[in-house]
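Text of coords-v4.tsv, listed as TSV, C-alpha atoms and all ligand atoms:
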```tsv
chain	number	residue	atom	x	y	z
A	1	MET	CA	14.51	4.61	-22.50
A	2	SER	CA	13.61	1.13	-21.31
A	3	ARG	CA	10.63	-0.91	-22.34
A	4	ILE	CA	8.78	-2.41	-19.39
A	5	SER	CA	5.68	-4.49	-18.99
A	6	MET	CA	3.82	-5.30	-15.82
A	7	LYS	CA	0.40	-6.03	-14.45
A	8	VAL	CA	-1.09	-3.32	-12.29
A	9	ASP	CA	-4.33	-4.10	-10.45
A	10	GLY	CA	-5.02	-6.91	-12.90
A	11	ASN	CA	-4.43	-4.98	-16.12
A	12	SER	CA	-1.36	-5.28	-18.35
A	13	TYR	CA	0.74	-2.23	-19.20
A	14	VAL	CA	3.64	-1.84	-21.60
A	15	ASP	CA	5.55	1.45	-21.56
A	16	GLU	CA	8.81	3.13	-22.44
A	17	VAL	CA	10.29	4.74	-19.35
A	18	GLU	CA	13.45	6.51	-18.30
A	19	PRO	CA	15.62	3.99	-16.44
A	20	ARG	CA	15.70	6.39	-13.48
A	21	MET	CA	11.91	6.60	-13.16
A	22	LEU	CA	10.68	5.50	-9.74
A	23	LEU	CA	7.94	2.91	-9.51
A	24	VAL	CA	5.70	5.38	-7.66
A	25	GLN	CA	6.15	7.93	-10.46
A	26	TYR	CA	5.30	5.29	-13.03
A	27	LEU	CA	2.17	4.23	-11.18
A	28	ARG	CA	0.94	7.78	-10.65
A	29	GLU	CA	2.02	9.51	-13.84
A	30	LEU	CA	1.78	6.85	-16.54
A	31	VAL	CA	-0.70	4.33	-15.15
A	32	GLY	CA	-2.83	6.95	-13.39
A	33	LYS	CA	-2.99	5.18	-10.00
A	34	THR	CA	-2.95	8.36	-7.95
A	35	GLY	CA	-4.30	6.55	-4.90
A	36	THR	CA	-0.68	5.66	-4.20
A	37	VAL	CA	0.81	8.80	-2.71
A	38	VAL	CA	4.23	10.25	-2.01
A	39	GLY	CA	4.86	11.44	1.52
A	40	CYS	CA	8.62	11.71	1.75
A	41	ASP	CA	10.28	10.27	-1.36
A	42	THR	CA	13.05	8.92	0.87
A	43	GLY	CA	11.74	5.53	1.96
A	44	ASN	CA	10.78	6.71	5.44
A	45	CYS	CA	7.03	7.26	5.58
A	46	GLY	CA	5.48	4.27	3.81
A	47	ALA	CA	2.75	6.33	2.13
A	48	CYS	CA	3.77	4.91	-1.25
A	49	THR	CA	3.49	1.24	-0.21
A	50	VAL	CA	2.14	-1.14	-2.86
A	51	HIS	CA	2.34	-4.91	-3.29
A	52	LEU	CA	4.88	-6.37	-5.68
A	53	ASP	CA	3.98	-10.00	-6.35
A	54	GLY	CA	1.90	-9.91	-3.19
A	55	ARG	CA	4.51	-8.46	-0.80
A	56	SER	CA	4.58	-4.87	0.35
A	57	VAL	CA	7.27	-2.56	-1.00
A	58	LYS	CA	7.84	1.17	-0.82
A	59	SER	CA	7.35	2.22	-4.41
A	60	CYS	CA	9.53	5.33	-3.98
A	61	SER	CA	12.43	3.04	-3.22
A	62	LEU	CA	12.18	0.95	-6.37
A	63	LEU	CA	12.71	1.83	-9.99
A	64	ALA	CA	9.92	1.15	-12.43
A	65	VAL	CA	12.31	-1.08	-14.40
A	66	GLN	CA	12.73	-3.27	-11.31
A	67	ALA	CA	9.04	-4.12	-11.50
A	68	ASP	CA	9.36	-5.20	-15.12
A	69	GLY	CA	7.62	-8.55	-15.58
A	70	HIS	CA	6.04	-8.43	-12.13
A	71	GLU	CA	2.59	-7.89	-10.73
A	72	VAL	CA	1.75	-4.76	-8.77
A	73	THR	CA	-1.33	-4.16	-6.63
A	74	THR	CA	-2.20	-0.66	-5.48
A	75	ILE	CA	-4.85	0.54	-3.05
A	76	GLU	CA	-7.08	0.97	-6.11
A	77	GLY	CA	-6.90	-2.71	-6.92
A	78	LEU	CA	-8.14	-3.97	-3.55
A	79	GLY	CA	-11.89	-3.59	-3.73
A	80	THR	CA	-14.00	-6.05	-5.68
A	81	ASN	CA	-17.32	-5.29	-7.39
A	82	GLY	CA	-17.67	-1.99	-5.59
A	83	GLU	CA	-17.05	-3.60	-2.18
A	84	LEU	CA	-14.24	-2.43	0.03
A	85	HIS	CA	-11.49	-4.89	0.91
A	86	PRO	CA	-11.97	-6.14	4.52
A	87	MET	CA	-8.95	-4.11	5.62
A	88	GLN	CA	-10.38	-0.95	4.03
A	89	GLN	CA	-13.67	-1.65	5.77
A	90	ALA	CA	-11.91	-2.18	9.09
A	91	PHE	CA	-10.07	1.16	8.78
A	92	HIS	CA	-13.37	2.82	7.95
A	93	GLU	CA	-15.25	1.29	10.86
A	94	ASN	CA	-12.51	1.87	13.42
A	95	HIS	CA	-11.66	5.44	12.38
A	96	GLY	CA	-8.20	4.34	11.31
A	97	LEU	CA	-7.74	7.47	9.25
A	98	GLN	CA	-7.73	11.16	9.99
A	99	CYS	CA	-6.41	13.18	7.06
A	100	GLY	CA	-6.07	9.87	5.22
A	101	TYR	CA	-2.74	10.62	3.59
A	102	CYS	CA	-0.97	7.64	5.11
A	103	THR	CA	-3.96	5.36	4.65
A	104	PRO	CA	-3.18	3.73	1.29
A	105	GLY	CA	0.26	2.69	2.51
A	106	MET	CA	-1.02	1.68	5.96
A	107	ILE	CA	-3.65	-0.56	4.40
A	108	MET	CA	-1.25	-2.18	1.94
A	109	GLN	CA	1.27	-2.81	4.73
A	110	SER	CA	-1.44	-4.10	7.08
A	111	ILE	CA	-2.63	-6.65	4.54
A	112	ASP	CA	0.92	-7.93	4.14
A	113	LEU	CA	1.29	-7.98	7.92
A	114	LEU	CA	-1.75	-10.25	8.33
A	115	ALA	CA	-0.61	-12.47	5.47
A	116	GLU	CA	2.57	-13.09	7.47
A	117	ASN	CA	0.90	-13.26	10.87
A	118	PRO	CA	-2.90	-13.71	10.81
A	119	ASP	CA	-3.30	-13.19	14.57
A	120	PRO	CA	-0.85	-10.51	15.65
A	121	SER	CA	-0.64	-8.95	19.11
A	122	ASP	CA	-0.88	-5.17	19.37
A	123	ASP	CA	2.90	-5.02	19.74
A	124	GLU	CA	3.33	-7.11	16.61
A	125	ILE	CA	0.93	-4.80	14.72
A	126	ARG	CA	2.92	-1.75	15.87
A	127	LEU	CA	6.17	-3.46	14.87
A	128	GLY	CA	4.74	-4.42	11.48
A	129	LEU	CA	3.67	-0.84	10.82
A	130	GLU	CA	6.79	0.88	12.14
A	131	GLY	CA	7.86	1.79	8.61
A	132	ASN	CA	4.60	3.66	8.02
A	133	LEU	CA	4.17	7.10	9.55
A	134	CYS	CA	0.88	8.82	10.30
A	135	ARG	CA	1.48	12.53	10.65
A	136	CYS	CA	-1.82	12.85	12.53
A	137	THR	CA	-0.48	10.30	15.07
A	138	GLY	CA	-3.70	8.31	14.84
A	139	TYR	CA	-1.94	5.08	15.63
A	140	GLN	CA	-4.34	3.80	18.28
A	141	ASN	CA	-7.21	3.47	15.83
A	142	ILE	CA	-4.97	2.07	13.14
A	143	VAL	CA	-3.91	-0.73	15.49
A	144	ARG	CA	-7.56	-1.26	16.41
A	145	ALA	CA	-8.49	-1.49	12.72
A	146	VAL	CA	-5.83	-4.08	11.99
A	147	ARG	CA	-6.90	-6.08	15.04
A	148	ALA	CA	-10.52	-5.95	13.83
A	149	ALA	CA	-9.51	-7.09	10.36
A	150	ALA	CA	-7.52	-9.96	11.87
A	151	ALA	CA	-10.52	-11.00	13.92
A	152	GLY	CA	-12.80	-10.71	10.90
A	153	ASP	CA	-15.01	-8.23	12.79
A	154	ASP	CA	-15.67	-6.27	9.65
A	155	ARG	CA	-16.87	-9.18	7.57
A	201	LIG	S1	6.98	8.27	-0.17
A	201	LIG	FE1	7.85	6.31	-0.17
A	201	LIG	S2	8.36	5.92	1.88
A	201	LIG	FE2	7.61	7.96	1.89
A	202	LIG	S1	-4.35	9.90	8.79
A	202	LIG	FE1	-3.21	11.70	8.56
A	202	LIG	S2	-1.26	11.00	7.99
A	202	LIG	FE2	-2.30	9.30	8.62
```
Translate the structure described by the file into structure tokens.
Ligand code: FES
Ligand code: FES
Amino acid sequence: MSRISMKVDGNSYVDEVEPRMLLVQYLRELVGKTGTVVGCDTGNCGACTVHLDGRSVKSCSLLAVQADGHEVTTIEGLGTNGELHPMQQAFHENHGLQCGYCTPGMIMQSIDLLAENPDPSDDEIRLGLEGNLCRCTGYQNIVRAVRAAAAGDDR
């Protein structure tokens, strides 16, 4: 077992974990952040995307021990004082979700995308989200939501 400590959504956690435990398993099973979901477990779908020190990562492709000493933000850490994060609001207003399974990862990736490029073209949004799959194929509204968030339409 390995002893790890990290901040998740602003709170500190210290745990003993198997060295082989994936970060997504740690977040869901030990920390209780079940808003981060597993779609494929193979690094393909992006449903498990979280932020590690502010940058998006696929948490099924990292071990929990690799996040030792770092800061993780999940979809559950985005809202403040009961208010949705602007990107969550933009997805809501632009119907950027259908079944919603991909949504946590899409939102985490979209926030990172805008941090890198605050005014992306539609092609740049599609490129930035190419590692995130929506099985409902609702991409048009997802792109619209990210564009709205970039423009600040939801604020
Ligand atoms: S569950 Fe991690 S990329 Fe699909
Ligand atoms: S909304 Fe259904 S998988 Fe994306």
* To do: Could you tell me, counting all atoms listed in the file, which protein and nucleic acid residues lie no more than 8 Å from ligand LIG 201 (chain A), written as an NGL selection string?
  => :A and (24 or 37-49 or 58-61 or 131-132)
Written file, previous selection with C-alpha atoms, as a short mmCIF file (atom, residue, chain, number, x, y, z; two decimals), in the coordinates of the input:
```cif
data_model
loop_
_atom_site.label_atom_id
_atom_site.label_comp_id
_atom_site.auth_asym_id
_atom_site.auth_seq_id
_atom_site.Cartn_x
_atom_site.Cartn_y
_atom_site.Cartn_z
CA VAL A 24 5.70 5.38 -7.66
CA VAL A 37 0.81 8.80 -2.71
CA VAL A 38 4.23 10.25 -2.01
CA GLY A 39 4.86 11.44 1.52
CA CYS A 40 8.62 11.71 1.75
CA ASP A 41 10.28 10.27 -1.36
CA THR A 42 13.05 8.92 0.87
CA GLY A 43 11.74 5.53 1.96
CA ASN A 44 10.78 6.71 5.44
CA CYS A 45 7.03 7.26 5.58
CA GLY A 46 5.48 4.27 3.81
CA ALA A 47 2.75 6.33 2.13
CA CYS A 48 3.77 4.91 -1.25
CA THR A 49 3.49 1.24 -0.21
CA LYS A 58 7.84 1.17 -0.82
CA SER A 59 7.35 2.22 -4.41
CA CYS A 60 9.53 5.33 -3.98
CA SER A 61 12.43 3.04 -3.22
CA GLY A 131 7.86 1.79 8.61
CA ASN A 132 4.60 3.66 8.02
#
```
* Please write out the residues within 12 Å of ligand LIG 202 (chain A) as number ranges by chain, counting all atoms listed in the file. => A: 37-40, 45-47, 91-92, 95-107, 129, 132-142
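The coordinates place atom CA of His70 of chain A at 6.9 Å from atom CA of Leu52 of chain A.
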* Please work out which residues fall within 10 Å of (-5.3, -5.4, 16.9), coordinates as given in the file, with all atoms listed in the file counting, and return them as a list in words. =>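 Every polymer residue passing the test: Asp119, Pro120, Ser121, Asp122, Asp123, Glu124, Ile125, Arg126, Gln140, Asn141, Ile142, Val143, Arg144, Ala145, Val146, Arg147, Ala148, Ala149, Ala150 and Ala151 of chain A.
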* Asked: When you draw a straight line from atom CA of Ile111 of chain A to atom CA of Asp53 of chain A, how long is it in Å?
  ->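 Those two atoms sit 13.2 Å apart.
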* Give me the residues within 8 Å of Lys33 of chain A as a list in words, counting all atoms listed in the file and dropping any in the same chain fewer than 4 places off. =>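 So, after excluding close chain neighbours, the residues are Leu27, Arg28, Glu29, Thr74 and Glu76 of chain A.
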With all heavy atoms retained, output segment 97-111 of chain A as a PDB file, in the first residue's frame.
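Final output, part14.pdb:
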```
ATOM      1  N   LEU A  97     -26.157  18.748 -23.450  1.00  0.00           N
ATOM      2  CA  LEU A  97     -26.149  17.369 -22.938  1.00  0.00           C
ATOM      3  C   LEU A  97     -27.445  16.675 -23.329  1.00  0.00           C
ATOM      4  O   LEU A  97     -28.486  17.307 -23.427  1.00  0.00           O
ATOM      5  CB  LEU A  97     -25.959  17.316 -21.420  1.00  0.00           C
ATOM      6  CG  LEU A  97     -26.967  18.007 -20.527  1.00  0.00           C
ATOM      7  CD1 LEU A  97     -26.972  17.348 -19.161  1.00  0.00           C
ATOM      8  CD2 LEU A  97     -26.644  19.473 -20.381  1.00  0.00           C
ATOM      9  N   GLN A  98     -27.316  15.398 -23.561  1.00  0.00           N
ATOM     10  CA  GLN A  98     -28.504  14.581 -23.841  1.00  0.00           C
ATOM     11  C   GLN A  98     -28.649  13.573 -22.701  1.00  0.00           C
ATOM     12  O   GLN A  98     -29.320  13.851 -21.714  1.00  0.00           O
ATOM     13  CB  GLN A  98     -28.373  13.953 -25.229  1.00  0.00           C
ATOM     14  CG  GLN A  98     -28.397  15.037 -26.303  1.00  0.00           C
ATOM     15  CD  GLN A  98     -28.288  14.483 -27.696  1.00  0.00           C
ATOM     16  OE1 GLN A  98     -29.049  13.609 -28.094  1.00  0.00           O
ATOM     17  NE2 GLN A  98     -27.336  15.003 -28.450  1.00  0.00           N
ATOM     18  N   CYS A  99     -27.946  12.446 -22.775  1.00  0.00           N
ATOM     19  CA  CYS A  99     -28.012  11.550 -21.606  1.00  0.00           C
ATOM     20  C   CYS A  99     -27.167  12.104 -20.468  1.00  0.00           C
ATOM     21  O   CYS A  99     -27.377  11.781 -19.317  1.00  0.00           O
ATOM     22  CB  CYS A  99     -27.555  10.143 -21.970  1.00  0.00           C
ATOM     23  SG  CYS A  99     -25.770   9.973 -22.120  1.00  0.00           S
ATOM     24  N   GLY A 100     -26.178  12.942 -20.825  1.00  0.00           N
ATOM     25  CA  GLY A 100     -25.361  13.581 -19.800  1.00  0.00           C
ATOM     26  C   GLY A 100     -24.153  12.794 -19.342  1.00  0.00           C
ATOM     27  O   GLY A 100     -23.389  13.276 -18.520  1.00  0.00           O
ATOM     28  N   TYR A 101     -23.968  11.602 -19.901  1.00  0.00           N
ATOM     29  CA  TYR A 101     -22.868  10.773 -19.382  1.00  0.00           C
ATOM     30  C   TYR A 101     -21.498  11.370 -19.678  1.00  0.00           C
ATOM     31  O   TYR A 101     -20.596  11.313 -18.846  1.00  0.00           O
ATOM     32  CB  TYR A 101     -22.963   9.334 -19.933  1.00  0.00           C
ATOM     33  CG  TYR A 101     -22.274   8.371 -19.027  1.00  0.00           C
ATOM     34  CD1 TYR A 101     -22.875   7.945 -17.846  1.00  0.00           C
ATOM     35  CD2 TYR A 101     -20.982   7.938 -19.303  1.00  0.00           C
ATOM     36  CE1 TYR A 101     -22.223   7.096 -16.979  1.00  0.00           C
ATOM     37  CE2 TYR A 101     -20.322   7.084 -18.438  1.00  0.00           C
ATOM     38  CZ  TYR A 101     -20.950   6.673 -17.285  1.00  0.00           C
ATOM     39  OH  TYR A 101     -20.302   5.838 -16.419  1.00  0.00           O
ATOM     40  N   CYS A 102     -21.369  11.964 -20.847  1.00  0.00           N
ATOM     41  CA  CYS A 102     -20.081  12.546 -21.225  1.00  0.00           C
ATOM     42  C   CYS A 102     -19.872  13.920 -20.601  1.00  0.00           C
ATOM     43  O   CYS A 102     -18.779  14.475 -20.680  1.00  0.00           O
ATOM     44  CB  CYS A 102     -19.990  12.669 -22.739  1.00  0.00           C
ATOM     45  SG  CYS A 102     -21.170  13.882 -23.427  1.00  0.00           S
ATOM     46  N   THR A 103     -20.936  14.495 -20.058  1.00  0.00           N
ATOM     47  CA  THR A 103     -20.928  15.913 -19.697  1.00  0.00           C
ATOM     48  C   THR A 103     -19.846  16.318 -18.687  1.00  0.00           C
ATOM     49  O   THR A 103     -19.194  17.351 -18.891  1.00  0.00           O
ATOM     50  CB  THR A 103     -22.324  16.342 -19.212  1.00  0.00           C
ATOM     51  OG1 THR A 103     -23.289  15.929 -20.191  1.00  0.00           O
ATOM     52  CG2 THR A 103     -22.409  17.842 -19.036  1.00  0.00           C
ATOM     53  N   PRO A 104     -19.636  15.572 -17.619  1.00  0.00           N
ATOM     54  CA  PRO A 104     -18.577  16.002 -16.691  1.00  0.00           C
ATOM     55  C   PRO A 104     -17.227  16.163 -17.389  1.00  0.00           C
ATOM     56  O   PRO A 104     -16.552  17.180 -17.206  1.00  0.00           O
ATOM     57  CB  PRO A 104     -18.540  14.866 -15.644  1.00  0.00           C
ATOM     58  CG  PRO A 104     -19.898  14.263 -15.701  1.00  0.00           C
ATOM     59  CD  PRO A 104     -20.325  14.355 -17.134  1.00  0.00           C
ATOM     60  N   GLY A 105     -16.871  15.175 -18.189  1.00  0.00           N
ATOM     61  CA  GLY A 105     -15.594  15.241 -18.897  1.00  0.00           C
ATOM     62  C   GLY A 105     -15.578  16.341 -19.934  1.00  0.00           C
ATOM     63  O   GLY A 105     -14.576  17.040 -20.106  1.00  0.00           O
ATOM     64  N   MET A 106     -16.687  16.500 -20.660  1.00  0.00           N
ATOM     65  CA  MET A 106     -16.772  17.559 -21.679  1.00  0.00           C
ATOM     66  C   MET A 106     -16.570  18.923 -21.033  1.00  0.00           C
ATOM     67  O   MET A 106     -15.871  19.792 -21.576  1.00  0.00           O
ATOM     68  CB  MET A 106     -18.159  17.537 -22.345  1.00  0.00           C
ATOM     69  CG  MET A 106     -18.373  16.436 -23.329  1.00  0.00           C
ATOM     70  SD  MET A 106     -17.481  16.726 -24.867  1.00  0.00           S
ATOM     71  CE  MET A 106     -18.069  15.296 -25.803  1.00  0.00           C
ATOM     72  N   ILE A 107     -17.206  19.129 -19.901  1.00  0.00           N
ATOM     73  CA  ILE A 107     -17.109  20.431 -19.232  1.00  0.00           C
ATOM     74  C   ILE A 107     -15.696  20.676 -18.712  1.00  0.00           C
ATOM     75  O   ILE A 107     -15.137  21.765 -18.908  1.00  0.00           O
ATOM     76  CB  ILE A 107     -18.176  20.532 -18.121  1.00  0.00           C
ATOM     77  CG1 ILE A 107     -19.558  20.675 -18.774  1.00  0.00           C
ATOM     78  CG2 ILE A 107     -17.874  21.689 -17.170  1.00  0.00           C
ATOM     79  CD1 ILE A 107     -20.719  20.684 -17.815  1.00  0.00           C
ATOM     80  N   MET A 108     -15.096  19.658 -18.106  1.00  0.00           N
ATOM     81  CA  MET A 108     -13.735  19.835 -17.595  1.00  0.00           C
ATOM     82  C   MET A 108     -12.770  20.123 -18.740  1.00  0.00           C
ATOM     83  O   MET A 108     -11.902  20.998 -18.642  1.00  0.00           O
ATOM     84  CB  MET A 108     -13.278  18.593 -16.815  1.00  0.00           C
ATOM     85  CG  MET A 108     -14.129  18.240 -15.597  1.00  0.00           C
ATOM     86  SD  MET A 108     -14.462  19.615 -14.479  1.00  0.00           S
ATOM     87  CE  MET A 108     -12.897  19.783 -13.608  1.00  0.00           C
ATOM     88  N   GLN A 109     -12.939  19.405 -19.850  1.00  0.00           N
ATOM     89  CA  GLN A 109     -12.058  19.622 -21.010  1.00  0.00           C
ATOM     90  C   GLN A 109     -12.316  20.998 -21.631  1.00  0.00           C
ATOM     91  O   GLN A 109     -11.380  21.685 -22.044  1.00  0.00           O
ATOM     92  CB  GLN A 109     -12.289  18.510 -22.044  1.00  0.00           C
ATOM     93  CG  GLN A 109     -11.416  18.604 -23.275  1.00  0.00           C
ATOM     94  CD  GLN A 109      -9.920  18.488 -22.973  1.00  0.00           C
ATOM     95  OE1 GLN A 109      -9.532  17.898 -21.957  1.00  0.00           O
ATOM     96  NE2 GLN A 109      -9.103  19.069 -23.828  1.00  0.00           N
ATOM     97  N   SER A 110     -13.582  21.401 -21.678  1.00  0.00           N
ATOM     98  CA  SER A 110     -13.924  22.693 -22.288  1.00  0.00           C
ATOM     99  C   SER A 110     -13.337  23.859 -21.500  1.00  0.00           C
ATOM    100  O   SER A 110     -12.917  24.869 -22.074  1.00  0.00           O
ATOM    101  CB  SER A 110     -15.447  22.855 -22.370  1.00  0.00           C
ATOM    102  OG  SER A 110     -15.994  21.857 -23.188  1.00  0.00           O
ATOM    103  N   ILE A 111     -13.321  23.738 -20.191  1.00  0.00           N
ATOM    104  CA  ILE A 111     -12.732  24.795 -19.358  1.00  0.00           C
ATOM    105  C   ILE A 111     -11.235  24.908 -19.642  1.00  0.00           C
ATOM    106  O   ILE A 111     -10.695  26.017 -19.795  1.00  0.00           O
ATOM    107  CB  ILE A 111     -13.011  24.511 -17.864  1.00  0.00           C
ATOM    108  CG1 ILE A 111     -14.506  24.664 -17.574  1.00  0.00           C
ATOM    109  CG2 ILE A 111     -12.180  25.436 -16.971  1.00  0.00           C
ATOM    110  CD1 ILE A 111     -14.927  24.173 -16.203  1.00  0.00           C
TER     111      ILE A 111
END
```
